[in-house]
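This is data_22.pdb. It holds PDB, C-alpha atoms.
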ATOM      1  CA  MET A   2       5.016  -2.228  10.024  1.00  0.00           C
ATOM      2  CA  ARG A   3       7.868  -0.568  11.867  1.00  0.00           C
ATOM      3  CA  LEU A   4       8.220   1.005  15.296  1.00  0.00           C
ATOM      4  CA  ALA A   5       8.967   4.721  15.435  1.00  0.00           C
ATOM      5  CA  ARG A   6       8.877   7.713  17.690  1.00  0.00           C
ATOM      6  CA  VAL A   7       7.079  10.873  16.604  1.00  0.00           C
ATOM      7  CA  VAL A   8       9.700  13.623  16.664  1.00  0.00           C
ATOM      8  CA  GLY A   9       8.081  16.532  14.878  1.00  0.00           C
ATOM      9  CA  THR A  10       5.490  17.981  12.570  1.00  0.00           C
ATOM     10  CA  VAL A  11       5.524  19.266   8.979  1.00  0.00           C
ATOM     11  CA  VAL A  12       3.399  22.160   7.806  1.00  0.00           C
ATOM     12  CA  SER A  13       2.680  22.388   4.094  1.00  0.00           C
ATOM     13  CA  THR A  14       0.118  24.759   2.608  1.00  0.00           C
ATOM     14  CA  ILE A  15       0.740  24.145  -1.080  1.00  0.00           C
ATOM     15  CA  LYS A  16       0.271  20.418  -1.557  1.00  0.00           C
ATOM     16  CA  ASP A  17      -1.794  17.760  -3.230  1.00  0.00           C
ATOM     17  CA  PRO A  18      -5.433  18.618  -2.323  1.00  0.00           C
ATOM     18  CA  ARG A  19      -6.074  15.061  -1.126  1.00  0.00           C
ATOM     19  CA  LEU A  20      -3.672  15.785   1.745  1.00  0.00           C
ATOM     20  CA  HIS A  21      -5.753  18.721   2.918  1.00  0.00           C
ATOM     21  CA  SER A  22      -6.252  18.469   6.703  1.00  0.00           C
ATOM     22  CA  VAL A  23      -4.127  15.297   6.872  1.00  0.00           C
ATOM     23  CA  PRO A  24      -1.530  15.637   9.650  1.00  0.00           C
ATOM     24  CA  LEU A  25       2.060  15.089   8.492  1.00  0.00           C
ATOM     25  CA  LEU A  26       4.415  13.914  11.226  1.00  0.00           C
ATOM     26  CA  VAL A  27       8.167  13.381  11.308  1.00  0.00           C
ATOM     27  CA  VAL A  28       8.860   9.898  12.660  1.00  0.00           C
ATOM     28  CA  GLN A  29      12.171   8.319  13.662  1.00  0.00           C
ATOM     29  CA  PRO A  30      12.224   4.521  13.270  1.00  0.00           C
ATOM     30  CA  ILE A  31      13.385   2.827  16.476  1.00  0.00           C
ATOM     31  CA  SER A  32      14.336  -0.636  17.704  1.00  0.00           C
ATOM     32  CA  PRO A  33      12.138  -2.365  20.316  1.00  0.00           C
ATOM     33  CA  GLU A  34      14.637  -1.000  22.874  1.00  0.00           C
ATOM     34  CA  ARG A  35      13.712   2.501  21.664  1.00  0.00           C
ATOM     35  CA  ILE A  36      17.079   3.119  19.995  1.00  0.00           C
ATOM     36  CA  PRO A  37      16.936   5.172  16.753  1.00  0.00           C
ATOM     37  CA  VAL A  38      17.525   3.035  13.673  1.00  0.00           C
ATOM     38  CA  GLY A  39      17.915   4.600  10.253  1.00  0.00           C
ATOM     39  CA  ASP A  40      16.732   7.936   8.938  1.00  0.00           C
ATOM     40  CA  PRO A  41      13.645   9.873   9.970  1.00  0.00           C
ATOM     41  CA  LEU A  42      10.795  10.186   7.486  1.00  0.00           C
ATOM     42  CA  VAL A  43       7.463  11.929   7.114  1.00  0.00           C
ATOM     43  CA  ALA A  44       4.270   9.910   7.605  1.00  0.00           C
ATOM     44  CA  VAL A  45       0.574  10.725   7.467  1.00  0.00           C
ATOM     45  CA  ASP A  46      -1.215  10.367  10.783  1.00  0.00           C
ATOM     46  CA  GLY A  47      -4.388   8.325  10.665  1.00  0.00           C
ATOM     47  CA  ILE A  48      -4.698   7.791  14.420  1.00  0.00           C
ATOM     48  CA  GLY A  49      -4.165  11.132  16.119  1.00  0.00           C
ATOM     49  CA  VAL A  50      -0.825  10.943  17.908  1.00  0.00           C
ATOM     50  CA  GLY A  51       1.506  13.573  19.300  1.00  0.00           C
ATOM     51  CA  VAL A  52       5.196  14.369  19.404  1.00  0.00           C
ATOM     52  CA  GLY A  53       7.126  12.041  21.727  1.00  0.00           C
ATOM     53  CA  GLU A  54       4.787   9.091  21.346  1.00  0.00           C
ATOM     54  CA  VAL A  55       5.886   5.655  20.149  1.00  0.00           C
ATOM     55  CA  VAL A  56       3.872   4.426  17.209  1.00  0.00           C
ATOM     56  CA  PHE A  57       4.009   1.936  14.371  1.00  0.00           C
ATOM     57  CA  PHE A  58       3.664   2.856  10.739  1.00  0.00           C
ATOM     58  CA  VAL A  59       3.007   1.051   7.487  1.00  0.00           C
ATOM     59  CA  ARG A  60       5.041   1.616   4.332  1.00  0.00           C
ATOM     60  CA  GLY A  61       3.633   1.905   0.847  1.00  0.00           C
ATOM     61  CA  LYS A  62       0.164   2.622  -0.434  1.00  0.00           C
ATOM     62  CA  GLU A  63      -1.359   0.879   2.572  1.00  0.00           C
ATOM     63  CA  GLY A  64      -1.019   4.193   4.379  1.00  0.00           C
ATOM     64  CA  ALA A  65      -3.935   5.398   2.288  1.00  0.00           C
ATOM     65  CA  LEU A  66      -6.258   2.783   3.786  1.00  0.00           C
ATOM     66  CA  LEU A  67      -6.479   4.934   6.928  1.00  0.00           C
ATOM     67  CA  PHE A  68      -8.647   7.448   5.163  1.00  0.00           C
ATOM     68  CA  ASP A  69     -12.149   7.272   3.722  1.00  0.00           C
ATOM     69  CA  SER A  70     -10.817   7.933   0.284  1.00  0.00           C
ATOM     70  CA  GLN A  71      -8.013   5.516  -0.513  1.00  0.00           C
ATOM     71  CA  ASP A  72      -6.889   8.070  -3.005  1.00  0.00           C
ATOM     72  CA  VAL A  73      -4.584   9.807  -0.512  1.00  0.00           C
ATOM     73  CA  PRO A  74      -1.080   9.823  -1.959  1.00  0.00           C
ATOM     74  CA  THR A  75       1.268   8.549   0.698  1.00  0.00           C
ATOM     75  CA  ASP A  76       4.043   6.012   1.145  1.00  0.00           C
ATOM     76  CA  ALA A  77       4.056   5.959   4.962  1.00  0.00           C
ATOM     77  CA  GLY A  78       1.138   6.034   7.408  1.00  0.00           C
ATOM     78  CA  ILE A  79       0.918   5.807  11.186  1.00  0.00           C
ATOM     79  CA  VAL A  80      -1.527   3.018  11.945  1.00  0.00           C
ATOM     80  CA  GLY A  81      -1.215   2.548  15.697  1.00  0.00           C
ATOM     81  CA  LYS A  82       0.059   3.902  18.969  1.00  0.00           C
ATOM     82  CA  VAL A  83       2.214   1.565  21.048  1.00  0.00           C
ATOM     83  CA  ASP A  84       1.206   0.936  24.654  1.00  0.00           C
ATOM     84  CA  ASN A  85       3.860  -1.624  25.401  1.00  0.00           C
ATOM     85  CA  VAL A  86       6.375  -3.945  23.756  1.00  0.00           C
ATOM     86  CA  TYR A  87       7.464  -7.019  25.619  1.00  0.00           C
TER      87      TYR A  87
ATOM     88  CA  MET B  19       7.558  10.519   2.542  1.00  0.00           C
ATOM     89  CA  ILE B  20      10.882  12.244   2.834  1.00  0.00           C
ATOM     90  CA  LEU B  21      11.951  15.852   2.829  1.00  0.00           C
ATOM     91  CA  ALA B  22      14.127  17.166   0.035  1.00  0.00           C
ATOM     92  CA  LYS B  23      15.503  20.405  -1.328  1.00  0.00           C
ATOM     93  CA  VAL B  24      14.930  21.215  -4.986  1.00  0.00           C
ATOM     94  CA  ALA B  25      18.404  21.384  -6.519  1.00  0.00           C
ATOM     95  CA  GLY B  26      17.676  21.830 -10.213  1.00  0.00           C
ATOM     96  CA  THR B  27      15.711  20.898 -13.287  1.00  0.00           C
ATOM     97  CA  VAL B  28      16.060  17.858 -15.533  1.00  0.00           C
ATOM     98  CA  VAL B  29      15.517  18.225 -19.244  1.00  0.00           C
ATOM     99  CA  ALA B  30      15.027  15.015 -21.218  1.00  0.00           C
ATOM    100  CA  THR B  31      13.893  15.159 -24.810  1.00  0.00           C
ATOM    101  CA  ARG B  32      14.101  11.443 -25.394  1.00  0.00           C
ATOM    102  CA  LYS B  33      12.076   9.568 -22.816  1.00  0.00           C
ATOM    103  CA  ASP B  34       9.119   7.308 -22.347  1.00  0.00           C
ATOM    104  CA  GLU B  35       6.157   9.013 -24.017  1.00  0.00           C
ATOM    105  CA  ARG B  36       4.134   8.696 -20.830  1.00  0.00           C
ATOM    106  CA  LEU B  37       6.505  11.215 -19.244  1.00  0.00           C
ATOM    107  CA  GLU B  38       5.747  13.876 -21.854  1.00  0.00           C
ATOM    108  CA  GLY B  39       4.575  17.125 -20.358  1.00  0.00           C
ATOM    109  CA  PHE B  40       5.872  16.366 -16.883  1.00  0.00           C
ATOM    110  CA  LYS B  41       8.160  18.752 -15.083  1.00  0.00           C
ATOM    111  CA  LEU B  42      11.117  16.780 -13.738  1.00  0.00           C
ATOM    112  CA  LEU B  43      13.127  18.242 -10.899  1.00  0.00           C
ATOM    113  CA  LEU B  44      16.382  17.171  -9.309  1.00  0.00           C
ATOM    114  CA  VAL B  45      15.872  16.956  -5.557  1.00  0.00           C
ATOM    115  CA  GLN B  46      18.344  16.332  -2.731  1.00  0.00           C
ATOM    116  CA  PRO B  47      16.862  14.367   0.188  1.00  0.00           C
ATOM    117  CA  VAL B  48      17.532  16.040   3.539  1.00  0.00           C
ATOM    118  CA  GLU B  49      17.156  15.151   7.215  1.00  0.00           C
ATOM    119  CA  PRO B  50      14.412  17.061   9.036  1.00  0.00           C
ATOM    120  CA  GLY B  51      17.227  19.132  10.557  1.00  0.00           C
ATOM    121  CA  GLY B  52      18.350  20.248   7.094  1.00  0.00           C
ATOM    122  CA  SER B  53      21.521  18.264   6.344  1.00  0.00           C
ATOM    123  CA  SER B  54      21.803  16.217   3.159  1.00  0.00           C
ATOM    124  CA  ALA B  55      20.821  12.567   3.419  1.00  0.00           C
ATOM    125  CA  GLY B  56      21.478  10.210   0.559  1.00  0.00           C
ATOM    126  CA  ASN B  57      21.644  10.583  -3.176  1.00  0.00           C
ATOM    127  CA  PRO B  58      19.765  13.115  -5.302  1.00  0.00           C
ATOM    128  CA  LEU B  59      16.602  11.931  -7.049  1.00  0.00           C
ATOM    129  CA  VAL B  60      14.656  12.920 -10.122  1.00  0.00           C
ATOM    130  CA  ALA B  61      11.060  13.584  -9.122  1.00  0.00           C
ATOM    131  CA  VAL B  62       7.909  14.580 -10.960  1.00  0.00           C
ATOM    132  CA  ASP B  63       6.690  18.014  -9.887  1.00  0.00           C
ATOM    133  CA  THR B  64       2.924  18.293  -9.364  1.00  0.00           C
ATOM    134  CA  VAL B  65       2.917  21.440  -7.206  1.00  0.00           C
ATOM    135  CA  ASP B  66       5.088  23.895  -9.149  1.00  0.00           C
ATOM    136  CA  ALA B  67       8.051  23.887  -6.805  1.00  0.00           C
ATOM    137  CA  GLY B  68      11.074  26.076  -7.445  1.00  0.00           C
ATOM    138  CA  VAL B  69      14.805  25.606  -6.973  1.00  0.00           C
ATOM    139  CA  GLY B  70      15.810  25.999  -3.344  1.00  0.00           C
ATOM    140  CA  GLU B  71      12.430  25.090  -1.901  1.00  0.00           C
ATOM    141  CA  LEU B  72      11.944  22.369   0.707  1.00  0.00           C
ATOM    142  CA  VAL B  73       9.475  19.789  -0.569  1.00  0.00           C
ATOM    143  CA  LEU B  74       7.767  16.535   0.418  1.00  0.00           C
ATOM    144  CA  ILE B  75       8.612  13.518  -1.759  1.00  0.00           C
ATOM    145  CA  VAL B  76       6.515  10.365  -2.066  1.00  0.00           C
ATOM    146  CA  SER B  77       8.337   7.307  -3.420  1.00  0.00           C
ATOM    147  CA  GLY B  78       7.663   3.909  -4.883  1.00  0.00           C
ATOM    148  CA  SER B  79       4.382   2.948  -6.468  1.00  0.00           C
ATOM    149  CA  SER B  80       2.654   5.510  -4.230  1.00  0.00           C
ATOM    150  CA  ALA B  81       4.222   8.154  -6.456  1.00  0.00           C
ATOM    151  CA  ARG B  82       1.776   7.050  -9.130  1.00  0.00           C
ATOM    152  CA  MET B  83      -1.065   8.282  -6.927  1.00  0.00           C
ATOM    153  CA  CYS B  84      -0.028  11.853  -7.634  1.00  0.00           C
ATOM    154  CA  ASP B  85      -2.137  14.004  -9.883  1.00  0.00           C
ATOM    155  CA  GLY B  86      -1.906  12.684 -13.436  1.00  0.00           C
ATOM    156  CA  CYS B  87       0.708  10.053 -12.600  1.00  0.00           C
ATOM    157  CA  ASN B  88      -1.435   6.954 -12.578  1.00  0.00           C
ATOM    158  CA  ASP B  89      -0.212   4.926 -15.547  1.00  0.00           C
ATOM    159  CA  ARG B  90       3.166   6.551 -15.862  1.00  0.00           C
ATOM    160  CA  PRO B  91       6.585   5.119 -15.033  1.00  0.00           C
ATOM    161  CA  VAL B  92       7.415   7.245 -11.996  1.00  0.00           C
ATOM    162  CA  ASP B  93       8.700   6.280  -8.570  1.00  0.00           C
ATOM    163  CA  ALA B  94       9.216   9.713  -7.013  1.00  0.00           C
ATOM    164  CA  ALA B  95       6.880  12.704  -6.979  1.00  0.00           C
ATOM    165  CA  ILE B  96       6.714  16.033  -5.178  1.00  0.00           C
ATOM    166  CA  LEU B  97       3.565  16.072  -3.060  1.00  0.00           C
ATOM    167  CA  GLY B  98       3.878  19.451  -1.425  1.00  0.00           C
ATOM    168  CA  ILE B  99       5.988  22.479  -0.612  1.00  0.00           C
ATOM    169  CA  VAL B 100       6.997  22.532   3.039  1.00  0.00           C
ATOM    170  CA  ASP B 101       6.322  25.727   4.983  1.00  0.00           C
ATOM    171  CA  SER B 102       7.994  24.570   8.182  1.00  0.00           C
ATOM    172  CA  VAL B 103       9.276  21.575  10.097  1.00  0.00           C
ATOM    173  CA  ASP B 104       8.961  21.614  13.877  1.00  0.00           C
ATOM    174  CA  LEU B 105      11.166  19.275  15.925  1.00  0.00           C
ATOM    175  CA  PRO B 106      10.450  20.122  19.560  1.00  0.00           C
ATOM    176  CA  SER B 107      13.094  17.820  21.041  1.00  0.00           C
ATOM    177  CA  ASP B 108      15.938  19.689  19.268  1.00  0.00           C
TER     178      ASP B 108
END
Just give me the structure of the file as structure tokens.
Amino acid sequence: MRLARVVGTVVSTIKDPRLHSVPLLVVQPISPERIPVGDPLVAVDGIGVGVGEVVFFVRGKEGALLFDSQDVPTDAGIVGKVDNVY
Amino acid sequence: MILAKVAGTVVATRKDERLEGFKLLLVQPVEPGGSSAGNPLVAVDTVDAGVGELVLIVSGSSARMCDGCNDRPVDAAILGIVDSVDLPSD
């Protein structure tokens, strides 16, 4: 998994029906020192986090494991909210 | 997933038979702010996107989770058409 900060939200009405009511968040990968590293991407939110929060996300199909139906098409999923890194 | 702008259409008569019937679009990945980011991709269109639209792209083997893509050789698919992107810190 990788650390990231939630920097925004994406609204999409016309999309794969399995993404219906799945929050799509823009996340910026960061280093443990909270410095941006690399390009932002869009991830599904399986935890319920908000903009500004530091989270960690999983790449690949594993993002689909967050949902009851593992049929959700995604290649990035937020799996946890970070309290602290030390 | 990444955001991308639909730049054009790809026509390929000779291709793997498992790609028959698929609409292939040329998409340009963009940063959430709108500027280009990286090289253009060819992606399978499952949502009827048009040129100029901002779309959501899923990559890798997850692209095969898209509607009808399961046993087909694809690594990029359009999952949705983006209505808006909100970046409150900007």
For this session: Enumerate as a ChimeraX atom specification the residues belonging to chain B that approach chain A to within 9 Å, with all atoms listed in the file taken into account.
Result: /B:19-21,49-50,55,64-65,73-74,76-85,96-107
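In this model, the gap between atom CA of Gln46 of chain B and atom CA of Val56 of chain A comes to 27.4 Å.
We find atom CA of Val23 of chain A and atom CA of Asn88 of chain B to be spaced 21.3 Å apart.
Reported to one decimal place, the separation of atom CA of Asp93 of chain B from atom CA of Val55 of chain A is 28.9 Å.
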Exercise. If I put a ball of radius 10 Å at (13.0, 2.6, 17.4) in the file's coordinates, which residues poke into it when counting only C-alpha atoms, written as number ranges by chain?
Worked result: A: 3-6, 28-39, 55-57
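Under the PyMOL selection byres ((chain B and resi 69) around 6), the matching residues in the shown file are Val24, Ala25, Gly26, Gly68, Gly70 and Glu71 of chain B.
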